[in-house]
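Visitor: Following this line is model_26.txt, made up of compact mmCIF, C-alpha atoms:
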```txt
# COMPACT_ATOMS: atom_id res chain seq x y z
CA MET A 1 -33.24 -18.49 2.21
CA LYS A 2 -30.76 -21.22 1.29
CA TRP A 3 -28.10 -18.64 0.43
CA ILE A 4 -28.73 -16.75 3.67
CA PHE A 5 -28.28 -20.00 5.57
CA PHE A 6 -24.86 -20.60 4.03
CA VAL A 7 -23.79 -17.01 4.63
CA GLY A 8 -24.66 -17.70 8.25
CA LEU A 9 -22.36 -20.71 8.17
CA LEU A 10 -19.54 -18.47 7.01
CA LEU A 11 -20.12 -16.05 9.88
CA VAL A 12 -19.93 -18.76 12.54
CA ILE A 13 -17.16 -20.72 10.88
CA GLY A 14 -14.90 -20.73 13.88
CA SER A 15 -17.56 -21.76 16.38
CA MET A 16 -17.86 -25.47 15.57
CA GLY A 17 -15.46 -28.35 15.19
CA CYS A 18 -14.97 -30.35 12.01
CA GLY A 19 -17.73 -32.78 11.07
CA THR A 20 -18.57 -35.33 8.41
CA ALA A 21 -21.59 -36.44 6.46
CA PRO A 22 -24.25 -37.72 8.89
CA GLY A 23 -23.60 -41.15 10.31
CA GLN A 24 -20.17 -41.52 8.71
CA ASN A 25 -16.78 -41.88 10.31
CA ALA A 26 -14.33 -39.21 9.21
CA PRO A 27 -11.64 -40.54 6.89
CA PRO A 28 -8.20 -39.18 7.65
CA ALA A 29 -7.36 -35.98 5.82
CA THR A 30 -4.86 -36.47 3.04
CA THR A 31 -1.74 -34.54 3.88
CA ALA A 32 0.50 -32.80 1.39
CA PRO A 33 4.29 -32.47 1.73
CA LYS A 34 5.42 -29.87 4.24
CA SER A 35 4.18 -26.52 2.98
CA THR A 36 6.46 -23.63 2.10
CA LEU A 37 3.48 -21.31 1.67
CA PRO A 38 2.87 -18.27 3.90
CA PRO A 39 0.89 -18.93 7.11
CA TYR A 40 -2.20 -17.03 5.92
CA VAL A 41 -2.77 -19.72 3.26
CA GLU A 42 -2.95 -22.40 5.93
CA THR A 43 -5.24 -20.18 8.01
CA PHE A 44 -7.56 -19.84 5.04
CA ALA A 45 -7.48 -23.59 4.37
CA ALA A 46 -8.44 -24.34 7.97
CA HIS A 47 -11.36 -21.87 7.81
CA TYR A 48 -12.64 -23.29 4.55
CA ALA A 49 -12.29 -26.86 5.81
CA ARG A 50 -14.53 -26.03 8.78
CA PHE A 51 -17.08 -24.44 6.46
CA PHE A 52 -17.08 -27.46 4.17
CA ASP A 53 -17.39 -29.93 7.05
CA GLN A 54 -20.42 -28.08 8.40
CA ALA A 55 -21.98 -27.63 4.98
CA MET A 56 -21.68 -31.36 4.27
CA GLN A 57 -23.70 -32.02 7.43
CA ALA A 58 -26.22 -29.26 6.76
CA THR A 59 -26.99 -30.48 3.24
CA HIS A 60 -26.88 -34.20 4.15
CA THR A 61 -24.60 -34.76 1.16
CA PRO A 62 -23.71 -38.48 1.06
CA GLY A 63 -20.15 -38.20 -0.25
CA ALA A 64 -17.62 -35.77 -1.70
CA ALA A 65 -13.93 -35.07 -2.20
CA VAL A 66 -12.22 -31.69 -2.25
CA VAL A 67 -8.77 -30.37 -3.11
CA MET A 68 -7.32 -26.89 -2.71
CA VAL A 69 -4.18 -25.78 -4.55
CA LYS A 70 -2.06 -22.66 -4.06
CA ASP A 71 0.67 -22.08 -6.62
CA SER A 72 2.25 -25.52 -7.16
CA GLN A 73 1.24 -27.03 -3.81
CA ILE A 74 -1.75 -29.00 -2.63
CA VAL A 75 -2.80 -27.17 0.51
CA TRP A 76 -5.70 -29.35 1.60
CA MET A 77 -7.30 -32.51 0.24
CA ARG A 78 -9.94 -34.74 1.77
CA GLY A 79 -12.63 -37.33 1.09
CA TYR A 80 -15.99 -37.39 2.86
CA GLY A 81 -18.59 -40.07 3.40
CA PRO A 82 -19.03 -43.56 1.95
CA ARG A 83 -18.34 -44.69 -1.58
CA PHE A 84 -21.93 -45.93 -1.54
CA MET A 85 -24.61 -45.65 1.12
CA GLY A 86 -24.69 -48.70 3.32
CA GLY A 87 -21.11 -49.65 2.50
CA ARG A 88 -18.11 -49.56 4.79
CA ASP A 89 -15.54 -48.11 2.37
CA SER A 90 -14.94 -44.38 2.74
CA ILE A 91 -14.12 -41.96 -0.05
CA ASP A 92 -10.42 -41.09 -0.03
CA ALA A 93 -8.10 -39.06 -2.24
CA GLN A 94 -7.80 -41.89 -4.78
CA THR A 95 -11.55 -42.62 -5.09
CA VAL A 96 -12.70 -42.13 -8.68
CA PHE A 97 -15.77 -40.07 -9.64
CA ARG A 98 -17.33 -39.17 -12.96
CA ILE A 99 -16.64 -35.46 -13.47
CA GLY A 100 -19.25 -34.65 -16.15
CA SER A 101 -18.75 -31.37 -18.00
CA LEU A 102 -15.46 -30.66 -16.27
CA SER A 103 -14.34 -32.90 -19.15
CA LYS A 104 -14.81 -29.92 -21.49
CA GLY A 105 -11.87 -28.18 -19.83
CA PHE A 106 -9.65 -31.15 -20.70
CA ALA A 107 -10.84 -30.89 -24.31
CA GLY A 108 -9.85 -27.23 -24.46
CA VAL A 109 -6.39 -27.75 -23.00
CA LEU A 110 -5.70 -30.90 -25.04
CA THR A 111 -6.64 -29.02 -28.20
CA GLY A 112 -4.24 -26.26 -27.18
CA ILE A 113 -1.44 -28.78 -26.68
CA LEU A 114 -2.03 -30.22 -30.16
CA VAL A 115 -2.08 -26.71 -31.65
CA GLN A 116 1.18 -26.07 -29.81
CA LYS A 117 2.61 -29.21 -31.43
CA GLY A 118 1.52 -28.12 -34.89
CA TYR A 119 -1.20 -30.69 -35.62
CA PHE A 120 -3.67 -27.93 -36.48
CA ALA A 121 -4.36 -24.23 -35.87
CA TRP A 122 -7.07 -22.55 -33.81
CA ASP A 123 -8.52 -21.03 -36.97
CA GLU A 124 -8.43 -24.27 -38.96
CA ARG A 125 -11.73 -24.87 -40.73
CA VAL A 126 -13.45 -28.01 -39.50
CA GLN A 127 -14.34 -29.21 -42.99
CA SER A 128 -10.67 -29.14 -44.02
CA CYS A 129 -10.04 -32.35 -42.08
CA TYR A 130 -13.57 -33.54 -41.37
CA PRO A 131 -15.66 -33.11 -44.56
CA ASP A 132 -18.72 -34.78 -43.00
CA PHE A 133 -19.26 -31.67 -40.88
CA ARG A 134 -22.08 -29.71 -42.52
CA LEU A 135 -24.79 -27.34 -41.34
CA ARG A 136 -28.16 -26.48 -42.88
CA ASP A 137 -26.60 -23.15 -43.85
CA ALA A 138 -23.87 -24.59 -46.08
CA LYS A 139 -21.86 -21.35 -46.18
CA GLN A 140 -21.79 -21.04 -42.42
CA GLY A 141 -20.89 -24.72 -42.11
CA SER A 142 -17.88 -24.13 -44.37
CA ARG A 143 -16.72 -21.24 -42.17
CA ILE A 144 -16.78 -23.05 -38.82
CA GLN A 145 -13.32 -23.16 -37.26
CA LEU A 146 -11.82 -25.24 -34.48
CA TRP A 147 -12.33 -22.58 -31.81
CA HIS A 148 -16.04 -22.28 -32.62
CA LEU A 149 -16.56 -25.87 -31.48
CA LEU A 150 -14.95 -25.33 -28.07
CA SER A 151 -16.67 -21.99 -27.41
CA HIS A 152 -20.21 -23.20 -28.32
CA THR A 153 -20.46 -20.61 -31.09
CA THR A 154 -21.18 -22.69 -34.21
CA GLY A 155 -24.68 -21.22 -34.50
CA LEU A 156 -26.46 -24.47 -33.64
CA PRO A 157 -29.37 -24.26 -31.18
CA TYR A 158 -28.97 -24.87 -27.45
CA HIS A 159 -27.98 -28.46 -26.61
CA ALA A 160 -28.44 -29.56 -30.21
CA PHE A 161 -28.84 -33.38 -30.32
CA THR A 162 -27.85 -33.98 -26.70
CA ASN A 163 -30.90 -36.25 -26.66
CA LEU A 164 -29.22 -38.45 -29.29
CA ILE A 165 -26.05 -38.67 -27.21
CA GLU A 166 -28.22 -39.96 -24.37
CA GLN A 167 -29.64 -42.56 -26.80
CA ASP A 168 -26.05 -43.73 -27.40
CA PHE A 169 -25.73 -42.44 -30.97
CA SER A 170 -22.12 -41.94 -32.05
CA ILE A 171 -20.85 -38.42 -32.73
CA PRO A 172 -20.00 -39.24 -36.39
CA ARG A 173 -23.57 -40.47 -36.93
CA ILE A 174 -25.08 -37.38 -35.29
CA VAL A 175 -22.87 -35.07 -37.35
CA ARG A 176 -23.53 -36.85 -40.63
CA ASP A 177 -27.26 -37.50 -40.31
CA TYR A 178 -28.58 -34.76 -38.03
CA PHE A 179 -26.39 -31.64 -38.08
CA PRO A 180 -27.59 -30.67 -41.59
CA THR A 181 -31.21 -30.77 -40.36
CA ALA A 182 -30.85 -28.35 -37.43
CA PRO A 183 -31.73 -24.67 -37.75
CA VAL A 184 -28.81 -22.23 -37.63
CA CYS A 185 -29.73 -19.70 -34.97
CA GLY A 186 -26.98 -17.10 -35.26
CA LYS A 187 -23.64 -16.10 -36.74
CA GLU A 188 -20.61 -18.20 -35.89
CA GLY A 189 -18.35 -16.74 -33.24
CA GLU A 190 -21.10 -14.42 -32.00
CA PHE A 191 -24.11 -16.59 -31.16
CA TYR A 192 -23.62 -18.63 -27.98
CA ALA A 193 -25.58 -21.82 -27.23
CA TYR A 194 -24.19 -24.54 -24.96
CA GLN A 195 -23.42 -27.81 -26.77
CA ASN A 196 -22.31 -31.37 -26.19
CA ALA A 197 -22.38 -32.96 -29.65
CA ALA A 198 -20.79 -30.05 -31.51
CA LEU A 199 -17.94 -29.74 -29.01
CA CYS A 200 -17.14 -33.43 -29.51
CA VAL A 201 -16.36 -32.83 -33.17
CA VAL A 202 -12.87 -31.97 -31.89
CA GLU A 203 -12.44 -35.71 -31.23
CA GLU A 204 -12.90 -36.47 -34.92
CA MET A 205 -10.53 -33.68 -35.95
CA MET A 206 -7.89 -35.03 -33.59
CA LEU A 207 -8.30 -38.57 -34.91
CA ARG A 208 -7.84 -37.46 -38.51
CA ASN A 209 -4.85 -35.22 -37.79
CA THR A 210 -2.96 -37.50 -35.38
CA GLY A 211 -4.22 -41.01 -36.14
CA LYS A 212 -4.97 -41.48 -32.42
CA THR A 213 -8.26 -41.68 -30.56
CA TYR A 214 -9.32 -39.00 -28.11
CA PRO A 215 -8.78 -41.22 -25.02
CA GLN A 216 -5.29 -42.14 -26.30
CA LEU A 217 -4.34 -38.49 -26.76
CA LEU A 218 -5.76 -37.44 -23.41
CA SER A 219 -3.85 -40.19 -21.63
CA GLU A 220 -0.56 -39.55 -23.46
CA SER A 221 -0.65 -35.75 -23.36
CA ILE A 222 -2.21 -35.02 -19.96
CA PHE A 223 -3.16 -37.91 -17.67
CA LEU A 224 0.12 -39.84 -17.58
CA PRO A 225 2.67 -37.01 -17.74
CA ALA A 226 0.71 -34.86 -15.26
CA GLY A 227 0.61 -37.71 -12.74
CA MET A 228 -3.15 -38.27 -12.94
CA GLN A 229 -2.76 -41.95 -12.14
CA SER A 230 -6.44 -42.87 -11.72
CA ALA A 231 -7.87 -40.82 -14.60
CA THR A 232 -9.55 -42.50 -17.57
CA CYS A 233 -11.90 -41.45 -20.33
CA ASP A 234 -14.21 -44.38 -21.02
CA TYR A 235 -16.80 -46.68 -19.45
CA ALA A 236 -14.36 -49.60 -19.31
CA GLY A 237 -11.94 -47.46 -17.33
CA ILE A 238 -14.34 -46.72 -14.48
CA CYS A 239 -15.69 -50.28 -14.48
CA ALA A 240 -12.15 -51.60 -14.00
CA THR A 241 -11.48 -49.22 -11.12
CA ARG A 242 -12.01 -50.84 -7.73
CA ASN A 243 -11.77 -47.64 -5.68
CA LYS A 244 -14.69 -45.74 -7.15
CA THR A 245 -17.80 -44.13 -5.77
CA TYR A 246 -21.32 -44.56 -7.12
CA PRO A 247 -23.98 -41.97 -7.93
CA HIS A 248 -26.77 -41.46 -5.43
CA VAL A 249 -30.43 -40.55 -5.83
CA ALA A 250 -32.59 -38.93 -3.18
CA THR A 251 -35.13 -41.15 -1.43
CA GLY A 252 -36.37 -38.43 0.92
CA PRO A 253 -35.50 -34.92 2.15
CA ASN A 254 -32.25 -36.10 3.80
CA THR A 255 -31.78 -39.67 2.60
CA TRP A 256 -30.05 -41.24 -0.40
CA ARG A 257 -29.52 -44.59 -2.05
CA ALA A 258 -26.72 -45.69 -4.36
CA ASP A 259 -27.42 -46.11 -8.07
CA SER A 260 -25.49 -47.75 -10.90
CA ILE A 261 -22.88 -46.12 -13.12
CA SER A 262 -24.34 -45.46 -16.56
CA VAL A 263 -22.73 -45.77 -19.98
CA HIS A 264 -24.29 -42.43 -20.98
CA TYR A 265 -21.92 -39.73 -22.28
CA TYR A 266 -18.93 -41.99 -22.74
CA ASN A 267 -19.84 -41.74 -26.44
CA ALA A 268 -19.20 -38.00 -26.04
CA ALA A 269 -15.94 -38.19 -24.13
CA ALA A 270 -14.80 -34.62 -24.76
CA ALA A 271 -18.07 -33.30 -23.35
CA GLY A 272 -18.56 -35.57 -20.36
CA GLY A 273 -16.51 -38.76 -20.34
CA VAL A 274 -13.61 -38.20 -17.93
CA ASN A 275 -13.29 -40.21 -14.70
CA ALA A 276 -10.88 -38.95 -12.04
CA SER A 277 -10.04 -38.88 -8.35
CA ILE A 278 -9.61 -35.71 -6.34
CA GLU A 279 -5.87 -36.45 -6.21
CA ASP A 280 -5.90 -36.42 -10.01
CA MET A 281 -7.76 -33.12 -10.00
CA GLY A 282 -5.14 -31.62 -7.71
CA GLN A 283 -2.50 -32.40 -10.33
CA TRP A 284 -4.80 -30.96 -12.99
CA LEU A 285 -5.14 -27.70 -11.03
CA LYS A 286 -1.35 -27.39 -10.85
CA LEU A 287 -1.21 -27.63 -14.65
CA LEU A 288 -4.04 -25.11 -15.07
CA LEU A 289 -2.29 -22.65 -12.76
CA GLY A 290 0.77 -22.76 -15.02
CA HIS A 291 3.08 -25.11 -13.14
CA ARG A 292 3.57 -27.70 -15.88
CA PRO A 293 5.27 -25.70 -18.67
CA ASP A 294 6.85 -28.97 -19.80
CA LEU A 295 3.35 -30.05 -20.89
CA VAL A 296 1.59 -26.85 -21.92
CA ALA A 297 2.90 -23.35 -22.53
CA ASP A 298 1.52 -20.47 -20.51
CA SER A 299 0.62 -18.73 -23.77
CA THR A 300 -1.50 -21.75 -24.74
CA LEU A 301 -3.32 -21.65 -21.41
CA ALA A 302 -3.92 -17.93 -21.83
CA ARG A 303 -5.54 -18.60 -25.23
CA VAL A 304 -7.72 -21.39 -23.83
CA PHE A 305 -8.92 -19.21 -20.94
CA LYS A 306 -9.51 -16.04 -22.99
CA ALA A 307 -13.19 -15.08 -23.03
CA VAL A 308 -14.77 -15.51 -26.46
CA VAL A 309 -18.46 -14.74 -26.04
CA ARG A 310 -20.79 -13.41 -23.35
CA THR A 311 -23.24 -15.93 -21.94
CA ASP A 312 -25.73 -13.46 -20.45
CA LYS A 313 -28.65 -14.95 -22.41
CA GLU A 314 -28.02 -18.26 -20.66
CA ARG A 315 -29.46 -19.09 -17.23
CA GLN A 316 -27.54 -17.28 -14.52
CA ILE A 317 -24.29 -18.87 -13.37
CA LEU A 318 -23.86 -18.95 -9.57
CA PRO A 319 -26.93 -16.81 -8.82
CA HIS A 320 -26.85 -14.48 -5.78
CA TRP A 321 -23.08 -14.16 -6.26
CA LEU A 322 -22.60 -12.82 -9.79
CA PRO A 323 -24.74 -10.70 -12.09
CA ARG A 324 -25.81 -12.41 -15.28
CA ASP A 325 -23.54 -10.25 -17.46
CA ALA A 326 -20.42 -11.23 -15.45
CA ALA A 327 -20.05 -14.59 -17.23
CA SER A 328 -18.46 -15.47 -20.57
CA TYR A 329 -17.31 -18.64 -22.28
CA ALA A 330 -13.77 -19.36 -23.46
CA LEU A 331 -12.56 -22.69 -24.94
CA GLY A 332 -14.10 -25.39 -22.76
CA TRP A 333 -14.19 -23.02 -19.76
CA ARG A 334 -16.41 -20.37 -18.27
CA VAL A 335 -14.87 -17.02 -17.38
CA LEU A 336 -16.38 -15.19 -14.41
CA GLN A 337 -15.64 -11.58 -13.54
CA LYS A 338 -15.92 -11.01 -9.77
CA GLU A 339 -14.99 -7.39 -9.13
CA ALA A 340 -11.27 -7.16 -10.04
CA ASP A 341 -10.78 -10.94 -10.16
CA THR A 342 -11.07 -13.20 -13.20
CA ILE A 343 -12.13 -16.68 -12.16
CA ILE A 344 -11.93 -19.61 -14.58
CA TYR A 345 -14.74 -22.03 -13.77
CA HIS A 346 -16.84 -24.97 -14.83
CA SER A 347 -19.43 -27.18 -13.24
CA GLY A 348 -20.47 -30.66 -14.23
CA TYR A 349 -23.36 -33.08 -13.85
CA VAL A 350 -23.72 -36.56 -15.25
CA ASN A 351 -25.37 -39.76 -14.04
CA GLY A 352 -26.03 -38.34 -10.55
CA PHE A 353 -22.46 -37.05 -10.06
CA LYS A 354 -21.85 -33.31 -9.59
CA SER A 355 -18.58 -31.42 -9.79
CA ASP A 356 -17.07 -27.93 -9.63
CA ILE A 357 -13.66 -26.51 -10.46
CA ALA A 358 -12.54 -22.89 -10.21
CA PHE A 359 -9.27 -21.01 -10.04
CA ASN A 360 -7.80 -17.53 -10.16
CA ARG A 361 -4.58 -17.59 -12.15
CA ARG A 362 -3.47 -14.15 -11.00
CA GLY A 363 -3.75 -15.20 -7.36
CA GLY A 364 -2.48 -18.73 -8.02
CA ILE A 365 -5.37 -20.28 -6.08
CA GLY A 366 -7.84 -23.00 -7.09
CA ILE A 367 -10.31 -25.59 -5.86
CA CYS A 368 -12.06 -28.68 -7.18
CA VAL A 369 -14.97 -30.47 -5.51
CA LEU A 370 -16.47 -33.78 -6.64
CA TYR A 371 -19.80 -35.09 -5.30
CA ASN A 372 -21.49 -38.47 -5.61
CA ALA A 373 -24.97 -36.90 -5.52
CA PRO A 374 -26.82 -33.85 -6.93
CA THR A 375 -26.36 -31.91 -3.69
CA SER A 376 -27.34 -28.29 -3.11
CA LEU A 377 -23.83 -27.68 -1.73
CA GLY A 378 -22.59 -27.34 -5.29
CA SER A 379 -24.19 -23.89 -5.64
CA VAL A 380 -22.37 -22.37 -2.67
CA CYS A 381 -18.97 -24.03 -2.30
CA ILE A 382 -17.28 -21.93 -5.01
CA PRO A 383 -18.63 -18.53 -3.87
CA ALA A 384 -17.71 -19.41 -0.27
CA PHE A 385 -14.17 -20.34 -1.34
CA PHE A 386 -13.39 -17.06 -3.06
CA ASP A 387 -15.26 -14.91 -0.53
CA GLN A 388 -13.30 -16.47 2.32
CA TRP A 389 -10.04 -16.14 0.40
CA LYS A 390 -10.71 -12.44 -0.03
CA ALA A 391 -11.78 -12.01 3.61
CA VAL A 392 -8.68 -13.71 5.04
CA ARG A 393 -6.34 -11.69 2.87
CA GLU A 394 -8.09 -8.43 3.76
CA THR A 395 -8.19 -9.25 7.49
CA LEU A 396 -4.47 -10.08 7.53
CA LYS A 397 -3.68 -7.19 5.16
CA VAL A 398 -2.03 -9.36 2.52
CA THR A 399 -1.02 -7.01 -0.28
CA ASN A 400 1.36 -9.09 -2.39
CA ASP A 401 0.06 -12.45 -3.57
CA ALA A 402 1.76 -12.93 -6.91
CA PRO A 403 1.94 -16.65 -7.76
CA GLN A 404 5.31 -18.33 -8.14
CA ARG A 405 5.33 -20.03 -11.54
CA GLU A 406 7.58 -22.85 -12.69
CA LYS A 407 10.15 -21.80 -15.30
```
Here is the file; what I need is its structure written in the form of structure tokens.

Guide:
Amino acid sequence: MKWIFFVGLLLVIGSMGCGTAPGQNAPPATTAPKSTLPPYVETFAAHYARFFDQAMQATHTPGAAVVMVKDSQIVWMRGYGPRFMGGRDSIDAQTVFRIGSLSKGFAGVLTGILVQKGYFAWDERVQSCYPDFRLRDAKQGSRIQLWHLLSHTTGLPYHAFTNLIEQDFSIPRIVRDYFPTAPVCGKEGEFYAYQNAALCVVEEMMLRNTGKTYPQLLSESIFLPAGMQSATCDYAGICATRNKTYPHVATGPNTWRADSISVHYYNAAAAGGVNASIEDMGQWLKLLLGHRPDLVADSTLARVFKAVVRTDKERQILPHWLPRDAASYALGWRVLQKEADTIIYHSGYVNGFKSDIAFNRRGGIGICVLYNAPTSLGSVCIPAFFDQWKAVRETLKVTNDAPQREK
């Protein structure tokens, strides 16, 4: 019924004016420089904005921020609701959120940049620079390569030792003391099981090959040069940020209260430790769509986004929109096949924050949404985005939509 309700919202999208989260004054929309994009893109953005406004009200979501990018331009960007319930400060484009597992996408691209620079190779064996990495099956442990970590195909069981991350154990301690005790459930490169601890082994490989910590490398290679001015990758970073939102927990069917920001998962930065504003994520989408060749080569992005393993044994991704066998995992990213379109996607959840990012490189279109609560809107905003994009283009008979890439 929930999905039917949101489909109904799509059908009446033009019938209502823009709204905001209940009881909140609308912050001004953040405007981008004058667009040089075709008019149908702005038409689409206006339609989606009305949908999102109405959906925020319908789901009683306390706060969110959204950015839409086409080619190298930010088409629409806006904050909704308060930074914390009961407060007067509204979420704006610079308000920082925790982005949860969207952090894994940064790990994949950062690894690609370091491969590009020659620090290691995709097929480098983990034990060659990190001898503490061992599995119960010693032979399989010796065969694990860099790309196995990022694609969740080491053979370890689902969410192996995530509970220890939540108890604030360090990744080196988990790897040294606990990895050799876990059963090996399948062959490397073929058996998929989502991980947090195993993916973070890339942090230790980077430290040994570059002499720099993961937060240092992320800041130097992506955050600063890409113009992600508010982005950080540690607990101290978000604590020092004045313009941040707080997680919210439900107190009733349509009511929320603010909670505190937790230290959890900052000990697993590659898996869930990035903090960023929606303005930062707009710059990130430009890079992912291929418009920062000065930072990462298009061939590197293509490798990062190439599907490695089917995830059809996992719980269904975006149910009611995709069949279970339409999803795969690449290197820190999910790959979704929607008819003729390949959509690169990830969702995140940590400490009460939810997040979604998705883009179609062939069409040069992408979206990121950050929420300060575990809202039900997260399950429909991405399907609505791509369904509306398709509908607008078909209605206006757009036949040529090749993205313009930076050279």

Visitor: Sorted by chain and rising residue number, list the residues of range 248-315 of chain A at most 10 Å from range 61-85 of chain A (counting only C-alpha atoms), each with its closest atom pair and distance in Å to one decimal, as JSON lines.

Guide:
```
{"residue": "A:His248", "atom": "CA", "partner": "A:Phe84", "partner_atom": "CA", "distance": 7.7}
{"residue": "A:Val249", "atom": "CA", "partner": "A:Pro62", "partner_atom": "CA", "distance": 9.8}
{"residue": "A:Ala250", "atom": "CA", "partner": "A:Pro62", "partner_atom": "CA", "distance": 9.9}
{"residue": "A:Asn254", "atom": "CA", "partner": "A:Thr61", "partner_atom": "CA", "distance": 8.2}
{"residue": "A:Thr255", "atom": "CA", "partner": "A:Pro62", "partner_atom": "CA", "distance": 8.3}
{"residue": "A:Trp256", "atom": "CA", "partner": "A:Pro62", "partner_atom": "CA", "distance": 7.1}
{"residue": "A:Arg257", "atom": "CA", "partner": "A:Met85", "partner_atom": "CA", "distance": 5.9}
{"residue": "A:Ala258", "atom": "CA", "partner": "A:Phe84", "partner_atom": "CA", "distance": 5.6}
{"residue": "A:Asp259", "atom": "CA", "partner": "A:Phe84", "partner_atom": "CA", "distance": 8.5}
{"residue": "A:Ser277", "atom": "CA", "partner": "A:Ala65", "partner_atom": "CA", "distance": 8.2}
{"residue": "A:Ile278", "atom": "CA", "partner": "A:Ala65", "partner_atom": "CA", "distance": 6.0}
{"residue": "A:Glu279", "atom": "CA", "partner": "A:Val67", "partner_atom": "CA", "distance": 7.4}
{"residue": "A:Asp280", "atom": "CA", "partner": "A:Val67", "partner_atom": "CA", "distance": 9.6}
{"residue": "A:Met281", "atom": "CA", "partner": "A:Val67", "partner_atom": "CA", "distance": 7.5}
{"residue": "A:Gly282", "atom": "CA", "partner": "A:Val67", "partner_atom": "CA", "distance": 6.0}
{"residue": "A:Gln283", "atom": "CA", "partner": "A:Ile74", "partner_atom": "CA", "distance": 8.5}
{"residue": "A:Trp284", "atom": "CA", "partner": "A:Val69", "partner_atom": "CA", "distance": 9.9}
{"residue": "A:Leu285", "atom": "CA", "partner": "A:Val69", "partner_atom": "CA", "distance": 6.8}
{"residue": "A:Lys286", "atom": "CA", "partner": "A:Ser72", "partner_atom": "CA", "distance": 5.5}
{"residue": "A:Leu287", "atom": "CA", "partner": "A:Ser72", "partner_atom": "CA", "distance": 8.5}
{"residue": "A:Leu289", "atom": "CA", "partner": "A:Asp71", "partner_atom": "CA", "distance": 6.8}
{"residue": "A:Gly290", "atom": "CA", "partner": "A:Asp71", "partner_atom": "CA", "distance": 8.4}
{"residue": "A:His291", "atom": "CA", "partner": "A:Ser72", "partner_atom": "CA", "distance": 6.1}
{"residue": "A:Arg292", "atom": "CA", "partner": "A:Ser72", "partner_atom": "CA", "distance": 9.1}
```

Visitor: Pick out the residues sitting within 12 Å of Glu339 in chain A, and hand them over as a ChimeraX atom specification; count only C-alpha atoms, and ignore anything fewer than 4 positions along from it in its own chain.

Guide: /A:321-323,326-327,343,386-387,390

Visitor: Once you count all atoms listed in the file, what closest atom pair and distance in Å to one decimal does each residue of range 109-196 of chain A within 9 Å of range 294-314 of chain A have, with rows by chain and rising residue number, as a Markdown table?

Guide:
```
| residue | atom | partner | partner_atom | distance |
| --- | --- | --- | --- | --- |
| A:Val109 | CA | A:Val304 | CA | 6.6 |
| A:Leu110 | CA | A:Val296 | CA | 8.9 |
| A:Thr111 | CA | A:Val304 | CA | 8.9 |
| A:Gly112 | CA | A:Thr300 | CA | 5.8 |
| A:Ile113 | CA | A:Val296 | CA | 6.0 |
| A:Val115 | CA | A:Thr300 | CA | 8.5 |
| A:Gln116 | CA | A:Thr300 | CA | 7.2 |
| A:Ser151 | CA | A:Val308 | CA | 6.8 |
| A:His152 | CA | A:Val309 | CA | 8.9 |
| A:Thr153 | CA | A:Val309 | CA | 8.0 |
| A:Gly189 | CA | A:Val309 | CA | 7.5 |
| A:Glu190 | CA | A:Val309 | CA | 6.5 |
| A:Phe191 | CA | A:Val309 | CA | 7.8 |
| A:Tyr192 | CA | A:Thr311 | CA | 6.6 |
| A:Ala193 | CA | A:Glu314 | CA | 7.9 |
| A:Tyr194 | CA | A:Glu314 | CA | 8.5 |
```

Visitor: Those residues you just picked out, can you put them in a file as a PDB file, keeping the file's coordinate frame with C-alpha atoms?

Guide:
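What ended up in selection_37.pdb:
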```pdb
ATOM      1  CA  VAL A 109      -6.390 -27.750 -23.000  1.00  0.00           C
ATOM      2  CA  LEU A 110      -5.700 -30.900 -25.040  1.00  0.00           C
ATOM      3  CA  THR A 111      -6.640 -29.020 -28.200  1.00  0.00           C
ATOM      4  CA  GLY A 112      -4.240 -26.260 -27.180  1.00  0.00           C
ATOM      5  CA  ILE A 113      -1.440 -28.780 -26.680  1.00  0.00           C
ATOM      6  CA  VAL A 115      -2.080 -26.710 -31.650  1.00  0.00           C
ATOM      7  CA  GLN A 116       1.180 -26.070 -29.810  1.00  0.00           C
ATOM      8  CA  SER A 151     -16.670 -21.990 -27.410  1.00  0.00           C
ATOM      9  CA  HIS A 152     -20.210 -23.200 -28.320  1.00  0.00           C
ATOM     10  CA  THR A 153     -20.460 -20.610 -31.090  1.00  0.00           C
ATOM     11  CA  GLY A 189     -18.350 -16.740 -33.240  1.00  0.00           C
ATOM     12  CA  GLU A 190     -21.100 -14.420 -32.000  1.00  0.00           C
ATOM     13  CA  PHE A 191     -24.110 -16.590 -31.160  1.00  0.00           C
ATOM     14  CA  TYR A 192     -23.620 -18.630 -27.980  1.00  0.00           C
ATOM     15  CA  ALA A 193     -25.580 -21.820 -27.230  1.00  0.00           C
ATOM     16  CA  TYR A 194     -24.190 -24.540 -24.960  1.00  0.00           C
TER      17      TYR A 194
END
```

Visitor: Here's a test: counting all atoms listed in the file, identify every protein, DNA and RNA residue with an atom at most 6 Å from (-12.4, -24.7, -8.8) in the file's coordinate frame, and state them as a list of chain:residue names.

Guide: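 Those residues, ordered by chain and then number, are A:Asp356, A:Ile357, A:Ala358, A:Phe359, A:Gly366, A:Ile367, A:Cys368.
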
Visitor: Could you jot down the CA of Leu102 in chain A to CA of Asn275 in chain A separation for me, Å, one decimal place?

Guide: 9.9 Å

Visitor: Quick one: residues within 8 Å of Trp333 in chain A, all atoms listed in the file, excluding same-chain residues fewer than 2 positions away - as a list in words?

Guide: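 Close residues of Trp333 in chain A: Lys104, Gly105, Gly108, Val304, Phe305, Tyr329, Ala330, Leu331, Val335, Ile344, Tyr345 and His346 of chain A.
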
Visitor: Out of A:His148, A:Arg143, A:Arg98, A:Arg334, which residue has the shortest atom-to-atom distance to Leu370 in chain A when counting all atoms listed in the file?

Guide: A:Arg98

Visitor: Out of A:Ser376, A:Cys200, A:Gly186, A:Phe97, which residue has the shortest atom-to-atom distance to Gly237 in chain A when counting only C-alpha atoms?

Guide: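 Ranking A:Ser376, A:Cys200, A:Gly186, A:Phe97 by distance to Gly237 in chain A, first place goes to A:Phe97.
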